[in-house]
Amino acid sequence: MQINQHARLSVAPMMDWTDRHCRHFHRLLSEHALLYTEMVTSAALVRGQALHLLDHTLSDHPVALQLGGSDPGELAEAARIGAEAGYCEINLNVGCPSDRVQSGCFGAVLMERPALVAECVAAMQRAVDVPVTVKCRIGVDAQDPSVVLPEFLAHIVRAGCERVIIHARKAWLQGLSPKENRDIPPLDYDLVRQMKGLFPNLHISINGGITSLDQAQEFLDGGLDGVMIGRAAYQDPAAILCEADPRIFGTGEASLPEEAVLQMLPYIEDHLSQGGKLGQITRHMLGLFTGRPGARAWRRMLSEGAHRPGAGTDLVREALQQIAPREDCRKVG
Ligand SMILES: Cc1cc2nc3c(=O)[nH]c(=O)nc-3n(C[C@H](O)[C@H](O)[C@H](O)COP(=O)(O)O)c2cc1C
């Protein structure tokens with residue numbers, strides 16, 4: 001399968017959430033969904049202190065590396081390092097509104113500087129053979145999205161970008177926290193759909209507020225090329241990822257959450273044997289049984305127990321026993 005096909009459904013880059021443990025877990029739920037790293041700044045990679053952030057296992061593929069930055073030369077070098085480490089796509093963050101990111105002049109503030117973004121994309125694409133993609137907003141602050149978004153896309157397309165992910169709301173750089181900026185500026189899905197009409201050859205994924213596979217399928221049926229899901233995929237991974245392979249990619253079978261837990265056990269053992277902590281992995285699994293009888297006990301046992309000294313896979317097995325078998329589920333449900 002080509003990477004553009006994997007991009008029909010992707011799990012969004014999320015700082016502190018989509019780390020390598022999370023991605024390993026998500027990959028057990030869906031073989032084909034495209035996964036993204038947390039954002040890594042180009043400066044941290046190029047100056048070397050963040051090389052450990054590139055740690056990943058080949059079985060997690062396909063995984064895209066998201067970079068933050070605005071210096072074309074530095075981004076090109078960071079992209080080269082990422083591609084060499086085995087990532088199959090390098091993505092530039094033009095959507096993140098946090099203070100720290102604004103002060104470094106990157107993230108969503110770059111929506112105001114399309115020519116610079118284009119320069120960055122061109123430099124990155126010259127440095128690597130894998131696709132360079134952009135994740136952006138529809139605009140920032142007082143910008144008129146219906147004017148700036150097509151201009152922005154025209155710039156990056158001219159620079160060689162063939163795939164973009166559009167978070168379908170503005171970022172308000174003054175006065176809102178990063179969290180509020182994911183909820184308060186209104187979503188404009190129609191504008192993103194219109195971009196497909198203007199840029200038929202650009203692979204466009206839509207992002208923002210999508211909470212089910214049905215909704216994802218509707219966007220795909222409506223002509224968009226991909227759907228990126230963030231919070232819903234993290235908080236209720238079974239609902240988004242378990243049926244993704246047969247439904248969105250038309251291949252393979254639905255995965256079972258219980259089986260994914262069992263498949264995680266050797267991975268957890270390995271992590272513990274290297275001095276890692278159980279909670280570093282199980283924190284990503286707390287939402288796995290959302291909506292199922294026993295989900296609360298599963299979540300409580302893991303969140304309370306995983307940080308106790310000596311906590312290991314026995315705790316995970318014990319927590320799994322709190323989940324009612326699927327037959328009971330159907331009766332309840
Ligand atoms: C905890 C958290 C961290 C995030 N970190 C990043 C990030 O590093 N880079 C990025 O482009 N977007 C980041 N985002 C934004 C998401 O990628 C996504 O665009 C946003 O959550 C909207 O999608 P959703 O409604 O499906 O969650 C983050 C979101 C969350 C909830």
# chains A, B, ... in the order shown; residues from 1 in each chain; ligands from 1
call {"tool": "residues_around", "arguments": {"residues": "range 28-44 of chain A", "least_positions_apart": "5", "cutoff": "8 Å", "atoms": "only C-alpha atoms", "output": "PDB file with N, CA and C atoms, in the first residue's frame"}}
result
ATOM      1  N   ILE A   3       1.914   5.204   0.656  1.00  0.00           N
ATOM      2  CA  ILE A   3       1.696   6.032   1.848  1.00  0.00           C
ATOM      3  C   ILE A   3       0.441   6.914   1.731  1.00  0.00           C
ATOM      4  N   HIS A   6      -2.372   4.920   2.923  1.00  0.00           N
ATOM      5  CA  HIS A   6      -2.385   4.844   4.397  1.00  0.00           C
ATOM      6  C   HIS A   6      -2.981   6.116   4.989  1.00  0.00           C
ATOM      7  N   ALA A   7      -2.741   7.226   4.289  1.00  0.00           N
ATOM      8  CA  ALA A   7      -3.209   8.523   4.811  1.00  0.00           C
ATOM      9  C   ALA A   7      -4.723   8.687   4.715  1.00  0.00           C
ATOM     10  N   ARG A   8      -5.439   7.699   4.189  1.00  0.00           N
ATOM     11  CA  ARG A   8      -6.917   7.781   4.236  1.00  0.00           C
ATOM     12  C   ARG A   8      -7.394   7.934   5.678  1.00  0.00           C
ATOM     13  N   LEU A   9      -6.652   7.300   6.601  1.00  0.00           N
ATOM     14  CA  LEU A   9      -6.980   7.509   8.022  1.00  0.00           C
ATOM     15  C   LEU A   9      -5.671   7.624   8.789  1.00  0.00           C
ATOM     16  N   SER A  10      -5.521   8.724   9.518  1.00  0.00           N
ATOM     17  CA  SER A  10      -4.303   8.871  10.302  1.00  0.00           C
ATOM     18  C   SER A  10      -4.638   9.296  11.727  1.00  0.00           C
ATOM     19  N   VAL A  11      -3.714   8.983  12.626  1.00  0.00           N
ATOM     20  CA  VAL A  11      -3.838   9.440  14.015  1.00  0.00           C
ATOM     21  C   VAL A  11      -2.933  10.661  14.151  1.00  0.00           C
ATOM     22  N   ALA A  12      -3.501  11.746  14.639  1.00  0.00           N
ATOM     23  CA  ALA A  12      -2.820  13.050  14.652  1.00  0.00           C
ATOM     24  C   ALA A  12      -1.573  13.054  15.541  1.00  0.00           C
ATOM     25  N   PRO A  13      -0.625  13.938  15.205  1.00  0.00           N
ATOM     26  CA  PRO A  13       0.504  14.143  16.114  1.00  0.00           C
ATOM     27  C   PRO A  13       0.002  14.807  17.386  1.00  0.00           C
ATOM     28  N   MET A  14       0.349  14.255  18.547  1.00  0.00           N
ATOM     29  CA  MET A  14      -0.085  14.861  19.809  1.00  0.00           C
ATOM     30  C   MET A  14       1.037  14.781  20.831  1.00  0.00           C
ATOM     31  N   MET A  15       1.504  15.959  21.206  1.00  0.00           N
ATOM     32  CA  MET A  15       2.594  16.082  22.172  1.00  0.00           C
ATOM     33  C   MET A  15       2.250  15.350  23.450  1.00  0.00           C
ATOM     34  N   ASP A  16       3.189  14.581  23.948  1.00  0.00           N
ATOM     35  CA  ASP A  16       3.061  13.855  25.198  1.00  0.00           C
ATOM     36  C   ASP A  16       2.096  12.661  25.075  1.00  0.00           C
ATOM     37  N   TRP A  17       1.389  12.542  23.973  1.00  0.00           N
ATOM     38  CA  TRP A  17       0.445  11.428  23.813  1.00  0.00           C
ATOM     39  C   TRP A  17       0.967  10.415  22.795  1.00  0.00           C
ATOM     40  N   THR A  18       1.258  10.850  21.569  1.00  0.00           N
ATOM     41  CA  THR A  18       1.608   9.861  20.533  1.00  0.00           C
ATOM     42  C   THR A  18       3.113   9.544  20.549  1.00  0.00           C
ATOM     43  N   ASP A  19       3.576   9.113  21.723  1.00  0.00           N
ATOM     44  CA  ASP A  19       4.981   8.708  21.806  1.00  0.00           C
ATOM     45  C   ASP A  19       5.119   7.290  21.243  1.00  0.00           C
ATOM     46  N   ARG A  20       6.306   6.738  21.326  1.00  0.00           N
ATOM     47  CA  ARG A  20       6.526   5.445  20.645  1.00  0.00           C
ATOM     48  C   ARG A  20       5.703   4.322  21.264  1.00  0.00           C
ATOM     49  N   ARG A  23       2.206   4.646  19.853  1.00  0.00           N
ATOM     50  CA  ARG A  23       2.151   4.230  18.445  1.00  0.00           C
ATOM     51  C   ARG A  23       2.233   2.711  18.312  1.00  0.00           C
ATOM     52  N   GLN A  49      20.361  16.950  20.755  1.00  0.00           N
ATOM     53  CA  GLN A  49      19.915  16.501  22.069  1.00  0.00           C
ATOM     54  C   GLN A  49      18.588  15.755  22.030  1.00  0.00           C
ATOM     55  N   ALA A  50      17.957  15.702  20.867  1.00  0.00           N
ATOM     56  CA  ALA A  50      16.657  15.015  20.812  1.00  0.00           C
ATOM     57  C   ALA A  50      16.702  13.767  19.939  1.00  0.00           C
ATOM     58  N   LEU A  51      17.898  13.312  19.614  1.00  0.00           N
ATOM     59  CA  LEU A  51      17.970  12.153  18.705  1.00  0.00           C
ATOM     60  C   LEU A  51      17.241  10.943  19.280  1.00  0.00           C
ATOM     61  N   LEU A  53      14.483  10.923  20.569  1.00  0.00           N
ATOM     62  CA  LEU A  53      13.059  11.011  20.251  1.00  0.00           C
ATOM     63  C   LEU A  53      12.730  10.266  18.957  1.00  0.00           C
ATOM     64  N   HIS A  61       5.567   0.913  11.519  1.00  0.00           N
ATOM     65  CA  HIS A  61       5.361   1.604  10.245  1.00  0.00           C
ATOM     66  C   HIS A  61       3.974   1.384   9.670  1.00  0.00           C
ATOM     67  N   PRO A  62       3.427   2.293   8.888  1.00  0.00           N
ATOM     68  CA  PRO A  62       4.013   3.570   8.495  1.00  0.00           C
ATOM     69  C   PRO A  62       3.850   4.668   9.562  1.00  0.00           C
ATOM     70  N   VAL A  63       4.973   5.350   9.829  1.00  0.00           N
ATOM     71  CA  VAL A  63       4.972   6.449  10.803  1.00  0.00           C
ATOM     72  C   VAL A  63       5.586   7.690  10.156  1.00  0.00           C
ATOM     73  N   ALA A  64       4.918   8.834  10.350  1.00  0.00           N
ATOM     74  CA  ALA A  64       5.436  10.114   9.857  1.00  0.00           C
ATOM     75  C   ALA A  64       6.049  10.883  11.022  1.00  0.00           C
ATOM     76  N   LEU A  65       7.153  11.539  10.740  1.00  0.00           N
ATOM     77  CA  LEU A  65       7.799  12.381  11.747  1.00  0.00           C
ATOM     78  C   LEU A  65       7.310  13.815  11.587  1.00  0.00           C
ATOM     79  N   GLN A  66       6.791  14.402  12.655  1.00  0.00           N
ATOM     80  CA  GLN A  66       6.402  15.809  12.556  1.00  0.00           C
ATOM     81  C   GLN A  66       7.499  16.712  13.099  1.00  0.00           C
ATOM     82  N   LEU A  67       7.854  17.699  12.294  1.00  0.00           N
ATOM     83  CA  LEU A  67       8.879  18.662  12.697  1.00  0.00           C
ATOM     84  C   LEU A  67       8.250  20.022  12.946  1.00  0.00           C
ATOM     85  N   GLY A  68       8.836  20.757  13.886  1.00  0.00           N
ATOM     86  CA  GLY A  68       8.484  22.156  14.087  1.00  0.00           C
ATOM     87  C   GLY A  68       9.712  23.004  13.834  1.00  0.00           C
ATOM     88  N   GLY A  69       9.528  24.122  13.140  1.00  0.00           N
ATOM     89  CA  GLY A  69      10.669  24.991  12.864  1.00  0.00           C
ATOM     90  C   GLY A  69      10.297  25.965  11.773  1.00  0.00           C
ATOM     91  N   GLU A  74      17.828  24.411   8.531  1.00  0.00           N
ATOM     92  CA  GLU A  74      17.773  23.533   9.703  1.00  0.00           C
ATOM     93  C   GLU A  74      16.686  22.458   9.534  1.00  0.00           C
ATOM     94  N   LEU A  75      15.549  22.876   8.965  1.00  0.00           N
ATOM     95  CA  LEU A  75      14.476  21.893   8.726  1.00  0.00           C
ATOM     96  C   LEU A  75      14.916  20.840   7.716  1.00  0.00           C
ATOM     97  N   GLU A  77      17.919  19.759   7.233  1.00  0.00           N
ATOM     98  CA  GLU A  77      18.832  18.845   7.920  1.00  0.00           C
ATOM     99  C   GLU A  77      18.054  17.903   8.851  1.00  0.00           C
ATOM    100  N   ALA A  78      17.064  18.459   9.561  1.00  0.00           N
ATOM    101  CA  ALA A  78      16.250  17.626  10.458  1.00  0.00           C
ATOM    102  C   ALA A  78      15.466  16.591   9.648  1.00  0.00           C
ATOM    103  N   ASN A  93       4.842  21.250  10.954  1.00  0.00           N
ATOM    104  CA  ASN A  93       3.757  21.749  11.812  1.00  0.00           C
ATOM    105  C   ASN A  93       3.509  23.236  11.556  1.00  0.00           C
ATOM    106  N   PRO A 237      -9.633   4.469  21.485  1.00  0.00           N
ATOM    107  CA  PRO A 237      -8.917   3.908  20.324  1.00  0.00           C
ATOM    108  C   PRO A 237      -9.654   2.753  19.661  1.00  0.00           C
ATOM    109  N   ALA A 238     -10.435   1.983  20.438  1.00  0.00           N
ATOM    110  CA  ALA A 238     -11.122   0.842  19.821  1.00  0.00           C
ATOM    111  C   ALA A 238     -12.150   1.343  18.812  1.00  0.00           C
ATOM    112  N   LEU A 241      -9.966   2.731  15.740  1.00  0.00           N
ATOM    113  CA  LEU A 241      -8.943   1.931  15.054  1.00  0.00           C
ATOM    114  C   LEU A 241      -9.307   0.465  14.825  1.00  0.00           C
ATOM    115  N   CYS A 242     -10.159  -0.113  15.680  1.00  0.00           N
ATOM    116  CA  CYS A 242     -10.371  -1.574  15.567  1.00  0.00           C
ATOM    117  C   CYS A 242     -10.986  -1.981  14.231  1.00  0.00           C
ATOM    118  N   GLU A 243     -11.887  -1.152  13.701  1.00  0.00           N
ATOM    119  CA  GLU A 243     -12.519  -1.539  12.432  1.00  0.00           C
ATOM    120  C   GLU A 243     -11.952  -0.761  11.246  1.00  0.00           C
ATOM    121  N   ALA A 244     -10.902  -0.015  11.491  1.00  0.00           N
ATOM    122  CA  ALA A 244     -10.382   0.851  10.425  1.00  0.00           C
ATOM    123  C   ALA A 244      -9.895   0.042   9.218  1.00  0.00           C
ATOM    124  N   ASP A 245      -9.220  -1.074   9.456  1.00  0.00           N
ATOM    125  CA  ASP A 245      -8.640  -1.800   8.315  1.00  0.00           C
ATOM    126  C   ASP A 245      -9.723  -2.282   7.345  1.00  0.00           C
ATOM    127  N   PHE A 249      -9.808   0.847   4.811  1.00  0.00           N
ATOM    128  CA  PHE A 249      -8.776   0.424   3.867  1.00  0.00           C
ATOM    129  C   PHE A 249      -9.226  -0.771   3.015  1.00  0.00           C
ATOM    130  N   SER A 255      -9.726  -5.656  14.438  1.00  0.00           N
ATOM    131  CA  SER A 255      -8.911  -6.167  15.541  1.00  0.00           C
ATOM    132  C   SER A 255      -9.758  -6.204  16.811  1.00  0.00           C
ATOM    133  N   LEU A 256      -9.293  -6.989  17.791  1.00  0.00           N
ATOM    134  CA  LEU A 256     -10.024  -7.083  19.053  1.00  0.00           C
ATOM    135  C   LEU A 256      -9.211  -6.422  20.157  1.00  0.00           C
ATOM    136  N   PRO A 257      -9.821  -5.547  20.930  1.00  0.00           N
ATOM    137  CA  PRO A 257      -9.082  -4.865  21.987  1.00  0.00           C
ATOM    138  C   PRO A 257      -8.413  -5.835  22.964  1.00  0.00           C
ATOM    139  N   ALA A 260      -5.293  -7.127  21.549  1.00  0.00           N
ATOM    140  CA  ALA A 260      -4.230  -6.114  21.530  1.00  0.00           C
ATOM    141  C   ALA A 260      -3.569  -6.026  22.908  1.00  0.00           C
ATOM    142  N   GLN A 263      -1.238  -8.841  23.190  1.00  0.00           N
ATOM    143  CA  GLN A 263      -0.054  -8.620  22.334  1.00  0.00           C
ATOM    144  C   GLN A 263       0.874  -7.557  22.922  1.00  0.00           C
TER     145      GLN A 263
END
call {"tool": "select_by_dssp", "arguments": {"residues": "range 12-234 of chain A", "states": "strand (DSSP E)", "output": "PyMOL selection string"}}
result
chain A and resi 34-41+63-68+89-94+132-136+163-167+203-207+226-229
call {"tool": "residues_around", "arguments": {"residues": "Leu315 in chain A", "least_positions_apart": "6", "cutoff": "10 Å", "atoms": "only C-alpha atoms", "output": "compact mmCIF listing (two decimals) with C-alpha atoms, in the first residue's frame"}}
result
# COMPACT_ATOMS: atom_id res chain seq x y z
CA LEU A 278 4.56 0.19 33.50
CA TRP A 298 -9.88 -1.39 33.97
CA MET A 301 -6.79 -0.48 38.31
CA LEU A 302 -4.24 0.63 35.74
CA GLY A 305 -1.67 0.51 40.22
CA ALA A 306 0.75 1.08 37.37
CA GLN A 321 -10.36 -9.67 33.77
call {"tool": "residues_around", "arguments": {"residues": "Asp225 in chain A", "least_positions_apart": "2", "cutoff": "10 Å", "atoms": "only C-alpha atoms", "output": "compact mmCIF listing (two decimals) with N, CA and C atoms, in the first residue's frame"}}
result
# COMPACT_ATOMS: atom_id res chain seq x y z
N ASN A 4 0.15 7.38 0.51
CA ASN A 4 -1.06 8.20 0.34
C ASN A 4 -2.32 7.41 0.67
N GLN A 5 -2.28 6.12 0.43
CA GLN A 5 -3.44 5.29 0.78
C GLN A 5 -3.53 5.11 2.29
N ALA A 7 -2.74 7.23 4.29
CA ALA A 7 -3.21 8.52 4.81
C ALA A 7 -4.72 8.69 4.71
N ARG A 8 -5.44 7.70 4.19
CA ARG A 8 -6.92 7.78 4.24
C ARG A 8 -7.39 7.93 5.68
N LEU A 9 -6.65 7.30 6.60
CA LEU A 9 -6.98 7.51 8.02
C LEU A 9 -5.67 7.62 8.79
N ARG A 163 0.78 16.64 -0.33
CA ARG A 163 -0.25 16.20 0.63
C ARG A 163 -0.28 17.18 1.80
N VAL A 164 -1.48 17.51 2.21
CA VAL A 164 -1.65 18.47 3.31
C VAL A 164 -2.72 17.95 4.25
N ILE A 165 -2.60 18.30 5.52
CA ILE A 165 -3.65 17.99 6.50
C ILE A 165 -4.14 19.33 7.03
N LYS A 196 -10.55 21.06 -2.03
CA LYS A 196 -10.36 19.90 -2.92
C LYS A 196 -10.78 20.27 -4.34
N LEU A 202 -4.03 17.83 -5.19
CA LEU A 202 -3.42 17.83 -3.86
C LEU A 202 -4.17 16.82 -2.98
N HIS A 203 -3.43 15.95 -2.30
CA HIS A 203 -4.06 15.01 -1.37
C HIS A 203 -4.40 15.78 -0.10
N ILE A 204 -5.69 15.88 0.19
CA ILE A 204 -6.12 16.71 1.33
C ILE A 204 -6.77 15.84 2.40
N SER A 205 -6.21 15.90 3.61
CA SER A 205 -6.83 15.25 4.76
C SER A 205 -7.48 16.31 5.62
N ILE A 206 -8.62 15.97 6.17
CA ILE A 206 -9.33 16.90 7.04
C ILE A 206 -9.13 16.47 8.49
N PHE A 219 -16.62 11.87 5.04
CA PHE A 219 -15.68 12.82 4.40
C PHE A 219 -15.01 12.17 3.19
N LEU A 220 -14.66 10.89 3.33
CA LEU A 220 -13.99 10.21 2.21
C LEU A 220 -14.97 10.07 1.04
N ASP A 221 -16.20 9.69 1.38
CA ASP A 221 -17.21 9.55 0.31
C ASP A 221 -17.48 10.90 -0.36
N GLY A 222 -17.33 11.97 0.41
CA GLY A 222 -17.60 13.31 -0.13
C GLY A 222 -16.45 13.86 -0.97
N GLY A 223 -15.37 13.10 -1.12
CA GLY A 223 -14.32 13.52 -2.04
C GLY A 223 -13.00 13.90 -1.41
N VAL A 227 -8.61 11.43 6.36
CA VAL A 227 -9.16 11.96 7.59
C VAL A 227 -8.12 11.74 8.68
call {"tool": "residues_around", "arguments": {"residues": "range 138-144 of chain A", "least_positions_apart": "6", "cutoff": "8 Å", "atoms": "only C-alpha atoms", "output": "short mmCIF file (atom, residue, chain, number, x, y, z; two decimals) with N, CA and C atoms, in the first residue's frame"}}
result
data_model
loop_
_atom_site.label_atom_id
_atom_site.label_comp_id
_atom_site.auth_asym_id
_atom_site.auth_seq_id
_atom_site.Cartn_x
_atom_site.Cartn_y
_atom_site.Cartn_z
N ALA A 108 1.44 27.62 14.08
CA ALA A 108 0.33 28.28 13.37
C ALA A 108 0.67 29.68 12.90
N VAL A 109 1.58 30.36 13.59
CA VAL A 109 1.92 31.73 13.20
C VAL A 109 2.46 31.77 11.76
N MET A 111 1.11 30.54 9.30
CA MET A 111 0.02 30.76 8.33
C MET A 111 0.13 32.17 7.75
N GLU A 112 0.78 33.06 8.49
CA GLU A 112 0.95 34.44 8.00
C GLU A 112 2.16 34.58 7.08
N ILE A 166 -5.44 19.55 6.93
CA ILE A 166 -5.98 20.85 7.33
C ILE A 166 -6.84 20.69 8.58
N HIS A 167 -6.39 21.27 9.68
CA HIS A 167 -7.22 21.34 10.89
C HIS A 167 -8.22 22.46 10.61
N ALA A 168 -9.52 22.05 10.54
CA ALA A 168 -10.53 22.92 9.92
C ALA A 168 -11.01 24.04 10.84
N ARG A 169 -10.13 24.62 11.59
CA ARG A 169 -10.50 25.81 12.38
C ARG A 169 -9.30 26.74 12.45
N LYS A 170 -9.60 28.03 12.70
CA LYS A 170 -8.50 28.98 12.88
C LYS A 170 -7.77 28.70 14.19
N ALA A 171 -6.56 29.22 14.32
CA ALA A 171 -5.91 29.34 15.62
C ALA A 171 -5.99 30.82 16.00
N TRP A 172 -6.45 31.08 17.20
CA TRP A 172 -6.45 32.45 17.70
C TRP A 172 -5.22 32.60 18.59
N LEU A 173 -4.27 33.33 18.09
CA LEU A 173 -2.96 33.33 18.76
C LEU A 173 -2.93 34.20 20.01
N GLN A 174 -3.90 35.11 20.11
CA GLN A 174 -3.96 35.94 21.31
C GLN A 174 -5.12 35.47 22.18
#
call {"tool": "atom_distance", "arguments": {"atom1": "CA of Arg113 in chain A", "atom2": "CA of Gly160 in chain A"}}
result
16.8 Å
call {"tool": "atom_distance", "arguments": {"atom1": "CA of His284 in chain A", "atom2": "CA of Ala254 in chain A"}}
result
20.0 Å
call {"tool": "select_by_dssp", "arguments": {"residues": "range 77-208 of chain A", "states": "helix (DSSP H, G or I)", "output": "JSON, numbers by chain"}}
result
{"A": [77, 78, 79, 80, 81, 82, 83, 84, 99, 100, 101, 102, 103, 107, 108, 109, 110, 111, 112, 114, 115, 116, 117, 118, 119, 120, 121, 122, 123, 124, 125, 126, 127, 145, 146, 147, 148, 149, 150, 151, 152, 153, 154, 155, 156, 157, 158, 180, 181, 182, 189, 190, 191, 192, 193, 194, 195, 196, 197, 198]}
call {"tool": "write_last_selection", "arguments": {"atoms": "C-alpha atoms", "output": "mmCIF file, in the first residue's frame"}}
result
data_model
loop_
_atom_site.group_PDB
_atom_site.id
_atom_site.type_symbol
_atom_site.label_atom_id
_atom_site.label_comp_id
_atom_site.auth_asym_id
_atom_site.auth_seq_id
_atom_site.Cartn_x
_atom_site.Cartn_y
_atom_site.Cartn_z
ATOM 1 C CA GLU A 77 18.832 18.845 7.920
ATOM 2 C CA ALA A 78 16.250 17.626 10.458
ATOM 3 C CA ALA A 79 14.219 16.061 7.636
ATOM 4 C CA ARG A 80 17.326 14.273 6.396
ATOM 5 C CA ILE A 81 18.004 12.901 9.885
ATOM 6 C CA GLY A 82 14.387 11.765 10.172
ATOM 7 C CA ALA A 83 14.297 10.064 6.771
ATOM 8 C CA GLU A 84 17.582 8.347 7.549
ATOM 9 C CA ASP A 99 3.312 30.120 23.376
ATOM 10 C CA ARG A 100 6.576 28.294 23.266
ATOM 11 C CA VAL A 101 6.019 27.532 19.621
ATOM 12 C CA GLN A 102 4.987 31.091 18.758
ATOM 13 C CA SER A 103 8.099 32.521 20.369
ATOM 14 C CA GLY A 107 3.585 26.490 14.232
ATOM 15 C CA ALA A 108 0.334 28.280 13.374
ATOM 16 C CA VAL A 109 1.919 31.732 13.199
ATOM 17 C CA LEU A 110 3.478 30.568 9.931
ATOM 18 C CA MET A 111 0.024 30.763 8.334
ATOM 19 C CA GLU A 112 0.949 34.442 8.001
ATOM 20 C CA PRO A 114 3.266 31.293 3.265
ATOM 21 C CA ALA A 115 6.373 32.205 1.259
ATOM 22 C CA LEU A 116 8.616 31.157 4.142
ATOM 23 C CA VAL A 117 6.664 27.911 4.580
ATOM 24 C CA ALA A 118 7.105 27.249 0.871
ATOM 25 C CA GLU A 119 10.846 27.832 1.205
ATOM 26 C CA CYS A 120 10.961 25.390 4.131
ATOM 27 C CA VAL A 121 8.992 22.746 2.222
ATOM 28 C CA ALA A 122 11.197 23.087 -0.855
ATOM 29 C CA ALA A 123 14.388 22.809 1.200
ATOM 30 C CA MET A 124 13.076 19.779 3.096
ATOM 31 C CA GLN A 125 11.882 18.078 -0.078
ATOM 32 C CA ARG A 126 15.283 18.590 -1.717
ATOM 33 C CA ALA A 127 16.896 16.857 1.275
ATOM 34 C CA PRO A 145 -9.686 31.806 5.713
ATOM 35 C CA SER A 146 -11.449 31.809 2.354
ATOM 36 C CA VAL A 147 -8.696 34.114 1.073
ATOM 37 C CA VAL A 148 -5.593 32.975 2.936
ATOM 38 C CA LEU A 149 -6.107 29.211 2.837
ATOM 39 C CA PRO A 150 -6.089 28.895 -0.977
ATOM 40 C CA GLU A 151 -3.123 31.289 -1.164
ATOM 41 C CA PHE A 152 -1.278 29.253 1.432
ATOM 42 C CA LEU A 153 -1.997 25.988 -0.393
ATOM 43 C CA ALA A 154 -0.925 27.474 -3.727
ATOM 44 C CA HIS A 155 2.427 28.421 -2.179
ATOM 45 C CA ILE A 156 3.166 24.998 -0.742
ATOM 46 C CA VAL A 157 1.972 23.167 -3.854
ATOM 47 C CA ARG A 158 4.366 25.257 -5.970
ATOM 48 C CA GLU A 180 -8.967 26.173 23.945
ATOM 49 C CA ASN A 181 -7.587 26.584 20.440
ATOM 50 C CA ARG A 182 -8.631 22.988 19.724
ATOM 51 C CA TYR A 189 -15.468 21.689 7.127
ATOM 52 C CA ASP A 190 -17.034 23.205 4.015
ATOM 53 C CA LEU A 191 -14.028 25.385 3.377
ATOM 54 C CA VAL A 192 -11.760 22.336 3.472
ATOM 55 C CA ARG A 193 -14.069 20.524 1.034
ATOM 56 C CA GLN A 194 -13.905 23.540 -1.270
ATOM 57 C CA MET A 195 -10.093 23.321 -1.297
ATOM 58 C CA LYS A 196 -10.362 19.902 -2.921
ATOM 59 C CA GLY A 197 -12.257 21.564 -5.779
ATOM 60 C CA LEU A 198 -9.535 24.203 -6.154
#
call {"tool": "closest_residue", "arguments": {"among": "A:Ser177, A:Ser70, A:Gln235, A:Asn207", "to": "Cys136 in chain A", "atoms": "only C-alpha atoms"}}
result
A:Asn207
call {"tool": "closest_residue", "arguments": {"among": "A:Lys135, A:His271, A:Arg292, A:His26", "to": "ligand 1", "atoms": "only C-alpha atoms and all ligand atoms"}}
result
A:Lys135
call {"tool": "closest_residue", "arguments": {"among": "A:Val94, A:Met1, A:Cys88, A:Ala295", "to": "ligand 1", "atoms": "only C-alpha atoms and all ligand atoms"}}
result
A:Val94
call {"tool": "residues_around", "arguments": {"residues": "Lys179 in chain A", "least_positions_apart": "5", "cutoff": "10 Å", "atoms": "only C-alpha atoms", "output": "PyMOL selection string"}}
result
chain A and resi 97-98+184
call {"tool": "write_last_selection", "arguments": {"atoms": "C-alpha atoms", "output": "compact mmCIF listing (two decimals), in the first residue's frame"}}
result
# COMPACT_ATOMS: atom_id res chain seq x y z
CA PRO A 97 -0.56 27.67 18.67
CA SER A 98 1.31 27.20 21.96
CA ILE A 184 -13.29 27.29 20.58
call {"tool": "residues_around", "arguments": {"residues": "Val261 in chain A", "least_positions_apart": "3", "cutoff": "9 Å", "atoms": "only C-alpha atoms", "output": "PyMOL selection string"}}
result
chain A and resi 25+28+256-258+264-265+285+316-317+320
call {"tool": "atom_distance", "arguments": {"atom1": "CA of Leu224 in chain A", "atom2": "CA of Asp188 in chain A"}}
result
14.1 Å
